[in-house]
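S.K.: Input structure: model_22.csv, which contains CSV, C-alpha atoms.
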chain,number,residue,atom,x,y,z
A,30,MET,CA,-10.4,-0.6,25.5
A,31,ASN,CA,-11.9,0.4,22.2
A,32,LEU,CA,-8.7,2.0,21.1
A,33,LEU,CA,-6.6,-1.0,22.1
A,34,THR,CA,-9.0,-3.3,20.2
A,35,GLY,CA,-8.6,-1.1,17.2
A,36,PHE,CA,-4.8,-1.3,17.3
A,37,LEU,CA,-5.1,-5.1,17.7
A,38,PHE,CA,-7.2,-5.4,14.6
A,39,VAL,CA,-4.7,-3.2,12.6
A,40,LEU,CA,-1.9,-5.4,13.9
A,41,ILE,CA,-3.5,-8.6,12.7
A,42,ALA,CA,-4.3,-6.9,9.4
A,43,GLY,CA,-0.7,-5.8,9.0
A,44,PHE,CA,0.4,-9.4,9.7
A,45,PHE,CA,-1.9,-10.8,7.0
A,46,GLN,CA,-0.9,-8.1,4.5
A,47,GLY,CA,2.8,-8.7,5.1
A,48,SER,CA,2.3,-12.5,4.8
A,49,PHE,CA,0.0,-12.9,1.8
A,50,VAL,CA,2.8,-13.1,-0.8
A,51,LEU,CA,4.4,-16.1,1.0
A,52,PRO,CA,2.0,-18.7,-0.5
A,53,MET,CA,2.9,-17.3,-4.0
A,54,THR,CA,6.5,-18.6,-3.5
A,55,LEU,CA,5.1,-22.2,-3.0
A,56,THR,CA,3.3,-22.6,-6.3
A,57,LYS,CA,4.9,-24.9,-8.9
A,58,ASN,CA,5.1,-24.6,-12.7
A,59,TRP,CA,3.0,-21.4,-12.8
A,60,GLN,CA,4.0,-18.1,-14.3
A,61,TRP,CA,3.3,-14.9,-12.4
A,62,GLU,CA,0.2,-14.2,-14.4
A,63,HIS,CA,-1.3,-17.6,-13.5
A,64,THR,CA,-0.9,-17.1,-9.8
A,65,TRP,CA,-1.9,-13.4,-9.9
A,66,ALA,CA,-5.1,-14.3,-11.9
A,67,THR,CA,-6.1,-16.9,-9.4
A,68,PHE,CA,-5.4,-14.6,-6.5
A,69,SER,CA,-7.3,-11.8,-8.1
A,70,LEU,CA,-10.3,-13.9,-8.9
A,71,LEU,CA,-10.5,-15.4,-5.4
A,72,GLY,CA,-9.4,-12.5,-3.3
A,73,MET,CA,-10.7,-9.4,-5.1
A,74,LEU,CA,-14.0,-11.0,-6.2
A,75,ILE,CA,-15.1,-14.3,-4.7
A,76,PHE,CA,-13.8,-14.1,-1.1
A,77,ASN,CA,-14.4,-10.3,-1.1
A,78,TRP,CA,-18.1,-10.8,-1.7
A,79,LEU,CA,-18.5,-13.8,0.5
A,80,ILE,CA,-17.1,-11.8,3.5
A,81,ALA,CA,-19.1,-8.7,2.5
A,82,LEU,CA,-22.4,-10.6,2.3
A,83,LEU,CA,-21.7,-12.4,5.5
A,84,ILE,CA,-21.2,-9.3,7.6
A,85,ILE,CA,-23.4,-7.0,5.6
A,86,PRO,CA,-26.3,-9.2,4.2
A,87,ASP,CA,-28.3,-6.2,3.0
A,88,ILE,CA,-25.4,-4.6,1.1
A,89,TRP,CA,-27.4,-4.2,-2.1
A,90,SER,CA,-30.1,-2.0,-0.4
A,91,ILE,CA,-27.2,0.0,1.1
A,92,TYR,CA,-25.8,0.7,-2.4
A,93,LYS,CA,-29.2,1.8,-3.6
A,94,ALA,CA,-29.5,4.3,-0.7
A,95,VAL,CA,-26.3,6.0,-1.7
A,96,PRO,CA,-26.2,8.7,-4.4
A,97,ALA,CA,-24.9,7.4,-7.7
A,98,THR,CA,-22.2,10.0,-7.8
A,99,ASP,CA,-20.7,8.7,-4.6
A,100,LEU,CA,-20.6,5.2,-6.0
A,101,ILE,CA,-19.0,6.5,-9.2
A,102,VAL,CA,-16.3,8.2,-7.2
A,103,LEU,CA,-15.6,4.9,-5.3
A,104,ILE,CA,-15.5,3.0,-8.6
A,105,LEU,CA,-13.0,5.5,-10.0
A,106,PHE,CA,-10.8,5.0,-7.0
A,107,GLY,CA,-11.0,1.3,-7.4
A,108,ALA,CA,-10.0,1.5,-11.0
A,109,GLY,CA,-7.1,3.8,-10.1
A,110,TRP,CA,-5.9,1.4,-7.4
A,111,GLY,CA,-6.1,-1.5,-9.9
A,112,ILE,CA,-3.9,0.4,-12.3
A,113,GLY,CA,-1.6,1.3,-9.4
A,114,ALA,CA,-1.1,-2.4,-8.6
A,115,ILE,CA,0.1,-3.0,-12.2
A,116,LEU,CA,2.3,0.1,-12.2
A,117,PHE,CA,3.9,-1.1,-8.9
A,118,GLY,CA,5.4,-4.0,-10.7
A,119,LEU,CA,6.5,-1.9,-13.7
A,120,GLY,CA,8.1,0.7,-11.5
A,121,MET,CA,10.1,-1.9,-9.6
A,122,GLU,CA,11.3,-3.4,-12.8
A,123,ARG,CA,12.4,0.0,-14.2
A,124,LEU,CA,14.0,1.4,-11.1
A,125,GLY,CA,15.0,-1.6,-9.1
A,126,MET,CA,14.5,-2.3,-5.4
A,127,ALA,CA,16.8,0.4,-4.0
A,128,LEU,CA,15.0,3.3,-5.6
A,129,GLY,CA,11.6,2.1,-6.7
A,130,TYR,CA,10.5,0.6,-3.3
A,131,PRO,CA,11.1,3.7,-1.1
A,132,ILE,CA,9.4,6.0,-3.7
A,133,ILE,CA,6.3,3.8,-4.1
A,134,MET,CA,5.9,2.6,-0.5
A,135,GLY,CA,6.8,6.1,0.9
A,136,LEU,CA,4.0,7.6,-1.2
A,137,ILE,CA,1.5,4.9,-0.2
A,138,ALA,CA,2.2,5.3,3.5
A,139,SER,CA,2.3,9.1,3.5
A,140,LEU,CA,-0.4,10.1,1.0
A,141,GLY,CA,-2.8,7.5,2.2
A,142,ALA,CA,-2.7,9.3,5.6
A,143,LEU,CA,-2.1,12.9,4.5
A,144,ILE,CA,-4.8,13.2,1.8
A,145,PRO,CA,-7.7,12.4,4.2
A,146,LEU,CA,-6.1,14.6,6.8
A,147,VAL,CA,-5.8,17.6,4.6
A,148,ILE,CA,-9.2,17.2,3.0
A,149,PHE,CA,-11.3,16.2,6.0
A,150,PHE,CA,-9.4,17.5,9.0
A,151,PRO,CA,-7.4,20.5,7.8
A,152,ALA,CA,-7.5,22.3,11.2
A,153,THR,CA,-5.9,19.3,12.8
A,154,LEU,CA,-2.8,19.5,10.5
A,155,MET,CA,-1.1,22.2,12.5
A,156,ALA,CA,-2.4,21.1,15.9
A,157,LEU,CA,-0.2,18.9,18.2
A,158,ARG,CA,-2.1,15.8,17.2
A,159,GLY,CA,-1.6,16.4,13.5
A,160,MET,CA,2.1,17.4,13.9
A,161,VAL,CA,2.8,14.2,15.9
A,162,LEU,CA,1.0,12.2,13.2
A,163,LEU,CA,3.1,13.9,10.5
A,164,ALA,CA,6.2,13.0,12.4
A,165,GLY,CA,5.1,9.4,12.7
A,166,THR,CA,4.4,9.3,8.9
A,167,ALA,CA,7.9,10.7,8.3
A,168,ILE,CA,9.4,8.0,10.5
A,169,VAL,CA,7.5,5.4,8.5
A,170,ILE,CA,9.1,6.6,5.3
A,171,LEU,CA,12.6,6.6,7.0
A,172,GLY,CA,12.1,3.0,8.1
A,173,ILE,CA,10.9,2.0,4.7
A,174,VAL,CA,14.0,3.6,3.1
A,175,LEU,CA,16.4,1.9,5.6
A,176,CYS,CA,14.8,-1.6,5.0
A,177,THR,CA,15.0,-1.0,1.2
A,178,ILE,CA,18.7,0.0,1.3
A,179,ALA,CA,19.4,-3.0,3.4
A,180,GLY,CA,17.7,-5.2,0.8
A,181,SER,CA,19.7,-3.7,-2.0
A,182,ARG,CA,23.0,-4.3,-0.1
A,183,LYS,CA,21.9,-7.9,0.6
A,184,HIS,CA,21.2,-8.4,-3.1
A,185,ALA,CA,24.5,-6.8,-4.1
A,186,ALA,CA,26.3,-9.3,-1.8
A,187,THR,CA,24.8,-12.2,-3.6
A,188,THR,CA,25.5,-11.1,-7.1
A,189,ALA,CA,29.2,-12.0,-7.4
A,190,GLY,CA,30.2,-9.0,-5.3
A,191,THR,CA,29.0,-6.5,-7.8
A,192,ALA,CA,26.5,-3.7,-7.1
A,193,LEU,CA,23.1,-3.8,-8.7
A,194,LYS,CA,23.0,-1.2,-11.4
A,195,VAL,CA,19.6,0.0,-12.6
A,196,GLY,CA,19.2,2.8,-15.1
A,197,VAL,CA,17.1,5.7,-13.8
A,198,SER,CA,14.9,7.3,-16.5
A,199,SER,CA,12.3,10.0,-16.3
A,200,ALA,CA,9.7,7.4,-17.4
A,201,GLY,CA,10.7,5.0,-14.7
A,202,LEU,CA,10.4,7.8,-12.0
A,203,ALA,CA,7.0,8.8,-13.4
A,204,ILE,CA,5.8,5.2,-13.3
A,205,ALA,CA,6.9,4.8,-9.7
A,206,ILE,CA,5.4,8.1,-8.6
A,207,PHE,CA,2.0,7.3,-10.2
A,208,ALA,CA,2.2,3.8,-8.7
A,209,GLY,CA,2.6,5.3,-5.2
A,210,ILE,CA,-0.2,7.8,-5.7
A,211,LEU,CA,-2.7,5.3,-7.1
A,212,SER,CA,-1.8,2.5,-4.6
A,213,CYS,CA,-2.8,4.6,-1.6
A,214,PHE,CA,-6.4,4.8,-3.0
A,215,PRO,CA,-7.9,2.1,-0.7
A,216,ASN,CA,-7.6,4.4,2.3
A,217,VAL,CA,-8.4,7.5,0.3
A,218,GLY,CA,-11.5,5.7,-1.2
A,219,MET,CA,-12.5,4.8,2.4
A,220,ALA,CA,-12.3,8.4,3.4
A,221,PHE,CA,-14.4,9.6,0.5
A,222,ALA,CA,-17.0,6.9,1.0
A,223,SER,CA,-18.3,8.3,4.2
A,224,SER,CA,-21.9,8.5,2.8
A,225,LEU,CA,-21.7,4.7,2.1
A,226,VAL,CA,-20.5,4.0,5.6
A,227,ARG,CA,-23.3,6.2,7.1
A,228,ALA,CA,-25.9,4.4,4.9
A,229,ALA,CA,-24.6,1.0,6.2
A,230,GLU,CA,-24.9,2.2,9.8
A,231,ALA,CA,-28.4,3.5,9.1
A,232,ALA,CA,-29.4,0.1,7.8
A,233,GLY,CA,-28.4,-1.5,11.1
A,234,THR,CA,-24.8,-2.6,10.3
A,235,PRO,CA,-22.6,-2.4,13.4
A,236,ALA,CA,-20.3,0.7,13.2
A,237,HIS,CA,-17.1,-1.5,13.2
A,238,PHE,CA,-18.4,-3.4,10.2
A,239,ALA,CA,-20.0,-0.5,8.3
A,240,GLY,CA,-16.7,0.7,6.7
A,241,ASN,CA,-16.3,-2.7,5.0
A,242,ALA,CA,-19.2,-1.9,2.7
A,243,VAL,CA,-16.6,0.0,0.7
A,244,TRP,CA,-14.3,-2.9,-0.1
A,245,ALA,CA,-16.9,-5.1,-1.9
A,246,LEU,CA,-17.4,-2.5,-4.7
A,247,PHE,CA,-13.8,-1.1,-4.6
A,248,PHE,CA,-12.0,-4.3,-5.0
A,249,THR,CA,-14.4,-5.7,-7.6
A,250,VAL,CA,-13.4,-2.8,-9.9
A,251,GLY,CA,-9.7,-3.5,-9.0
A,252,PHE,CA,-10.3,-7.2,-9.9
A,253,LEU,CA,-11.5,-6.2,-13.4
A,254,VAL,CA,-8.3,-4.3,-14.0
A,255,ASN,CA,-5.9,-6.9,-12.6
A,256,PHE,CA,-7.6,-9.9,-14.1
A,257,SER,CA,-7.7,-8.3,-17.5
A,258,TYR,CA,-4.0,-7.5,-17.3
A,259,CYS,CA,-3.3,-11.2,-16.4
A,260,LEU,CA,-5.3,-12.4,-19.4
A,261,PHE,CA,-3.4,-9.9,-21.6
A,262,LEU,CA,-0.1,-11.4,-20.4
A,263,MET,CA,-1.3,-15.0,-21.0
A,264,ALA,CA,-2.3,-14.1,-24.5
A,265,ARG,CA,1.0,-12.3,-25.1
A,266,HIS,CA,3.0,-15.2,-23.7
A,267,ARG,CA,0.7,-17.9,-25.2
A,268,ASN,CA,0.6,-19.8,-21.9
A,269,PHE,CA,-3.1,-20.2,-21.1
A,270,ALA,CA,-2.5,-24.0,-21.0
A,271,GLY,CA,0.0,-23.4,-18.2
A,272,PHE,CA,-2.8,-23.4,-15.7
A,273,ALA,CA,-3.4,-27.1,-16.1
A,274,ASN,CA,-0.4,-29.1,-14.7
A,275,ALA,CA,0.2,-31.9,-12.1
A,276,HIS,CA,0.2,-29.3,-9.3
A,277,LEU,CA,-3.1,-27.6,-10.2
A,278,LEU,CA,-5.1,-28.3,-7.1
A,279,GLN,CA,-2.1,-27.5,-4.8
A,280,ASN,CA,-1.5,-24.3,-6.7
A,281,ILE,CA,-5.1,-23.3,-6.4
A,282,GLY,CA,-4.9,-24.0,-2.6
A,283,TRP,CA,-1.9,-21.7,-2.2
A,284,GLY,CA,-3.7,-19.0,-4.3
A,285,ALA,CA,-6.7,-19.3,-2.1
A,286,LEU,CA,-4.7,-18.9,1.1
A,287,MET,CA,-2.9,-15.9,-0.5
A,288,ALA,CA,-6.3,-14.4,-1.4
A,289,LEU,CA,-7.9,-15.0,2.0
A,290,MET,CA,-5.0,-13.3,3.9
A,291,TRP,CA,-5.0,-10.4,1.5
A,292,ILE,CA,-8.7,-9.6,1.5
A,293,GLY,CA,-9.0,-10.4,5.2
A,294,SER,CA,-6.3,-7.8,5.9
A,295,PHE,CA,-8.4,-5.1,4.4
A,296,TYR,CA,-11.6,-6.1,6.2
A,297,LEU,CA,-9.7,-6.3,9.5
A,298,TYR,CA,-8.1,-2.9,8.8
A,299,GLY,CA,-11.6,-1.4,8.2
A,300,ILE,CA,-12.7,-2.8,11.5
A,301,GLY,CA,-9.6,-1.5,13.3
A,302,ALA,CA,-9.7,1.9,11.8
A,303,SER,CA,-13.3,2.4,12.8
A,304,ARG,CA,-12.2,1.8,16.5
A,305,LEU,CA,-9.4,4.3,16.4
A,306,GLY,CA,-11.6,7.3,16.7
A,307,LYS,CA,-12.3,10.2,14.4
A,308,LEU,CA,-8.8,10.1,12.8
A,309,GLY,CA,-8.8,6.3,12.5
A,310,ILE,CA,-8.5,6.5,8.7
A,311,VAL,CA,-5.5,8.9,9.1
A,312,ALA,CA,-3.5,7.2,11.8
A,313,GLY,CA,-4.4,3.6,11.0
A,314,TRP,CA,-3.1,3.6,7.4
A,315,PRO,CA,0.7,4.3,8.0
A,316,LEU,CA,0.5,2.0,10.9
A,317,TYR,CA,-1.0,-0.7,8.7
A,318,ILE,CA,1.6,-0.2,5.9
A,319,SER,CA,4.6,-0.2,8.3
A,320,LEU,CA,3.4,-3.3,10.1
A,321,SER,CA,3.0,-5.1,6.8
A,322,ILE,CA,6.5,-4.2,5.7
A,323,GLY,CA,7.9,-5.3,9.1
A,324,PHE,CA,6.2,-8.7,8.9
A,325,GLY,CA,7.3,-9.1,5.3
A,326,ASN,CA,10.9,-8.6,6.3
A,327,LEU,CA,10.6,-11.1,9.1
A,328,TRP,CA,9.2,-13.7,6.8
A,329,GLY,CA,12.2,-13.0,4.5
A,330,LEU,CA,14.5,-13.7,7.4
A,331,TRP,CA,12.6,-16.9,8.3
A,332,ARG,CA,12.9,-18.2,4.7
A,333,GLY,CA,16.6,-17.6,4.7
A,334,GLU,CA,16.6,-14.8,2.2
A,335,TRP,CA,19.3,-13.0,4.2
A,336,LYS,CA,21.6,-16.0,4.5
A,337,GLY,CA,25.1,-15.0,3.4
A,338,ALA,CA,24.2,-11.3,3.4
A,339,GLN,CA,26.8,-8.7,4.7
A,340,SER,CA,26.7,-7.9,8.4
A,341,SER,CA,26.2,-4.2,7.5
A,342,ALA,CA,23.0,-5.1,5.5
A,343,ARG,CA,21.6,-7.2,8.4
A,344,ALA,CA,22.4,-4.3,10.8
A,345,LEU,CA,20.6,-1.8,8.6
A,346,LEU,CA,17.6,-4.1,8.3
A,347,ASN,CA,17.4,-4.4,12.1
A,348,LEU,CA,17.7,-0.6,12.4
A,349,GLY,CA,14.9,-0.2,9.8
A,350,LEU,CA,12.6,-2.5,11.7
A,351,LEU,CA,13.3,-0.6,14.9
A,352,VAL,CA,12.5,2.7,13.2
A,353,LEU,CA,9.2,1.2,12.0
A,354,LEU,CA,8.5,0.1,15.5
A,355,LEU,CA,9.1,3.7,16.6
A,356,ALA,CA,6.8,4.9,13.9
A,357,ILE,CA,4.0,2.6,15.2
A,358,ILE,CA,4.5,4.0,18.8
A,359,THR,CA,4.5,7.6,17.5
A,360,ILE,CA,1.3,7.1,15.5
A,361,ALA,CA,-0.4,5.4,18.5
A,362,VAL,CA,0.6,8.4,20.7
A,363,SER,CA,-0.9,10.8,18.1
A,364,ASN,CA,-4.2,9.1,18.3
A,365,THR,CA,-4.4,9.6,22.1
A,366,LEU,CA,-3.7,13.4,22.0
Could you express the structure from this file as structure tokens?

M.R.:
Amino acid sequence: MNLLTGFLFVLIAGFFQGSFVLPMTLTKNWQWEHTWATFSLLGMLIFNWLIALLIIPDIWSIYKAVPATDLIVLILFGAGWGIGAILFGLGMERLGMALGYPIIMGLIASLGALIPLVIFFPATLMALRGMVLLAGTAIVILGIVLCTIAGSRKHAATTAGTALKVGVSSAGLAIAIFAGILSCFPNVGMAFASSLVRAAEAAGTPAHFAGNAVWALFFTVGFLVNFSYCLFLMARHRNFAGFANAHLLQNIGWGALMALMWIGSFYLYGIGASRLGKLGIVAGWPLYISLSIGFGNLWGLWRGEWKGAQSSARALLNLGLLVLLLAIITIAVSNTL
């Protein structure tokens, strides 16, 4: 029952993560930096701390009980993730959807699971459980690649019948690789923050909430990086005044919904991973990423983004979603071995 509950929480977390961008498409007369700044402020800082203080009211005493070096490591991971979020956008711009997305998301899904496995459970790597998990991770990457190729074919069909051509440079590939490596840091940071989790449990925090003590500090550091970048873009584009328009309250509302789903997904993932057993941080991460991609694609279908796409692109998308479903099943099986 505990295992089933864990998968249920990860499922809901994947739904929120795959859906949080949807409100961003509903804002009016805002540039990307306006929406992202609002989302960062609310999701990474305000809602983050409200949830943390609600479920872990003595979080400050927990931080004081942890060695400063452990907190510094977590802060460094948070800063790295913040940079990775920025590099994600730059990598997609340089390489395009067809090449950039599978590189970045493939690295996020695989490294987020493999790094904790190699460092903390090396003996499990060549055991049956580890090999099945590795197979599930590989299937995740395959599903991501199939969905991405389908997306590029859909785009090509809507651009006057011409294929999307994106120049591939060594700099673009390097950006995408570093984006994938840095963007997997939430799960890696969670794995390295075991002393913080133990301190939370020792302070009386329920085990399924203890892991979430990591997110308050981690995403606060990520907020500083992301918000600073948004301010830089506003200064560069000279559009600070763009915040104030006739749709201000409506836009803030969409930004708040976006932020709540995003930060909620990580807290729910933390609860779910804690219920998946000793390898929860290993098996839960690729499951979480693949679910978010699947739900994101379903939202795209619902919004009519695939209207007019070639039948081959639709078929490839369906195949990619089925492969992701197979990956979910495989990862679930690995956790029962």

S.K.: Looking at only C-alpha atoms, which of A:Ile112, A:Ala138, A:Leu82, A:Met290 is the one that sits closest to Val250 of chain A?

M.R.: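 Result for the nearest residue to Val250 of chain A: A:Ile112.
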
S.K.: Quote the spacing between atom CA of Val254 of chain A and atom CA of Ala108 of chain A in Å to one decimal place.

M.R.: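 Between these atoms lies a distance of 6.7 Å.
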
S.K.: One decimal, in Å: what's the spacing between atom CA of Ala142 of chain A and atom CA of Ala179 of chain A?

M.R.: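 About the pair atom CA of Ala142 of chain A and atom CA of Ala179 of chain A: they are 25.4 Å apart.
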
S.K.: In Å to one decimal, how far is atom CA of Ser223 of chain A from atom CA of Ile91 of chain A?

M.R.: 12.6 Å

S.K.: Residues within 6 Å of (8.7, 3.6, 11.0), file coordinates, counting only C-alpha atoms: what are they? Give the list as an NGL selection string.

M.R.: :A and (168-169 or 172 or 352-356)

S.K.: I'd like to know which of A:Val243, A:Ala42, A:Leu157, A:Leu163 is closest to Ile144 of chain A, using all atoms listed in the file.

M.R.: A:Leu163

S.K.: Within 12 Å of Gly271 of chain A, counting only C-alpha atoms, which residues show up once you throw out same-chain ones fewer than 2 positions away? Write them as number ranges by chain, please.

M.R.: A: 57-64, 263-264, 266-269, 273-277, 280

S.K.: Have a look at A:Leu140, A:Leu316, A:Met287, A:Ile101 and name the one nearest to Gly165 of chain A; count only C-alpha atoms.

M.R.: A:Leu316

S.K.: Skipping near chain neighbours, those fewer than 2 positions away, what residues fall within 7 Å of segment 299-301 of chain A using all atoms listed in the file, listed as a PyMOL selection string?

M.R.: chain A and resi 35-36+38-39+237-238+240-241+295-297+303-305

S.K.: List every protein, DNA or RNA residue that has an atom no more than 12 Å from (-9.2, -11.1, 0.9) in the file's coordinate frame, counting only C-alpha atoms, and report them as an MDAnalysis selection string.

M.R.: chainID A and resid 42 45:46 49 68:81 241 244:245 248:249 252 284:298

S.K.: Between A:Gly282, A:Gly141, A:Pro52, A:Gly47, which residue has the minimum interatomic distance to Gly209 of chain A, considering all atoms listed in the file?

M.R.: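 Using all atoms listed in the file, Gly209 of chain A sits closest to A:Gly141.
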
S.K.: Counting only C-alpha atoms, which residue out of A:Gly337, A:Gly218, A:Gly329, A:Pro315 sits closest to Ile357 of chain A?

M.R.: A:Pro315

S.K.: Leaving out Gly111 of chain A and any residue of its chain fewer than 2 positions from it, which residues lie within 10 Å of it when counting all atoms listed in the file, given as number ranges by chain?

M.R.: A: 105-109, 113-116, 208, 211-212, 214, 247-256, 258

S.K.: Go through A:Leu33, A:Thr54, A:Ile41, A:Pro151 one by one, measure the shortest atom-to-atom distance of each to Arg332 of chain A using all atoms listed in the file, and give the residue with the smallest value.

M.R.: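 The answer is A:Thr54, which sits nearest to Arg332 of chain A.
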
S.K.: Can you tell me, as an MDAnalysis selection string, what residues are no more than 7 Å from Ala239 of chain A when counting only C-alpha atoms, ignoring any on the same chain fewer than 6 positions away?

M.R.: chainID A and resid 226 229:230

S.K.: With N, CA, C and O atoms as the target, complete segment 211-225 of chain A and hand it back as a tab-separated table (two decimals), in the coordinates of the input.

M.R.:
chain	number	residue	atom	x	y	z
A	211	LEU	N	-1.49	6.09	-6.85
A	211	LEU	CA	-2.70	5.30	-7.10
A	211	LEU	C	-2.85	4.16	-6.07
A	211	LEU	O	-3.97	3.77	-5.75
A	212	SER	N	-1.73	3.63	-5.57
A	212	SER	CA	-1.80	2.50	-4.60
A	212	SER	C	-2.25	2.89	-3.24
A	212	SER	O	-2.52	2.01	-2.41
A	213	CYS	N	-2.33	4.19	-2.96
A	213	CYS	CA	-2.80	4.60	-1.60
A	213	CYS	C	-4.37	4.80	-1.68
A	213	CYS	O	-4.97	5.16	-0.68
A	214	PHE	N	-4.99	4.52	-2.83
A	214	PHE	CA	-6.40	4.80	-3.00
A	214	PHE	C	-7.34	3.96	-2.10
A	214	PHE	O	-8.47	4.40	-1.88
A	215	PRO	N	-6.96	2.76	-1.61
A	215	PRO	CA	-7.90	2.10	-0.70
A	215	PRO	C	-8.25	2.95	0.51
A	215	PRO	O	-9.44	3.05	0.87
A	216	ASN	N	-7.26	3.59	1.12
A	216	ASN	CA	-7.60	4.40	2.30
A	216	ASN	C	-8.24	5.72	1.89
A	216	ASN	O	-9.14	6.20	2.57
A	217	VAL	N	-7.80	6.31	0.77
A	217	VAL	CA	-8.40	7.50	0.30
A	217	VAL	C	-9.88	7.26	-0.10
A	217	VAL	O	-10.80	8.04	0.19
A	218	GLY	N	-10.11	6.12	-0.78
A	218	GLY	CA	-11.50	5.70	-1.20
A	218	GLY	C	-12.35	5.54	0.06
A	218	GLY	O	-13.51	5.95	0.07
A	219	MET	N	-11.77	4.94	1.11
A	219	MET	CA	-12.50	4.80	2.40
A	219	MET	C	-12.91	6.10	2.94
A	219	MET	O	-14.03	6.29	3.43
A	220	ALA	N	-12.00	7.06	2.87
A	220	ALA	CA	-12.30	8.40	3.40
A	220	ALA	C	-13.38	9.10	2.65
A	220	ALA	O	-14.23	9.78	3.24
A	221	PHE	N	-13.39	8.96	1.32
A	221	PHE	CA	-14.40	9.60	0.50
A	221	PHE	C	-15.73	8.90	0.50
A	221	PHE	O	-16.71	9.46	0.00
A	222	ALA	N	-15.76	7.69	1.02
A	222	ALA	CA	-17.00	6.90	1.00
A	222	ALA	C	-17.78	7.03	2.30
A	222	ALA	O	-18.46	6.10	2.71
A	223	SER	N	-17.69	8.17	2.94
A	223	SER	CA	-18.30	8.30	4.20
A	223	SER	C	-19.87	8.19	4.12
A	223	SER	O	-20.52	7.68	5.05
A	224	SER	N	-20.46	8.62	3.01
A	224	SER	CA	-21.90	8.50	2.80
A	224	SER	C	-22.32	7.01	2.78
A	224	SER	O	-23.38	6.63	3.30
A	225	LEU	N	-21.46	6.17	2.18
A	225	LEU	CA	-21.70	4.70	2.10
A	225	LEU	C	-21.64	4.11	3.49
A	225	LEU	O	-22.46	3.26	3.86
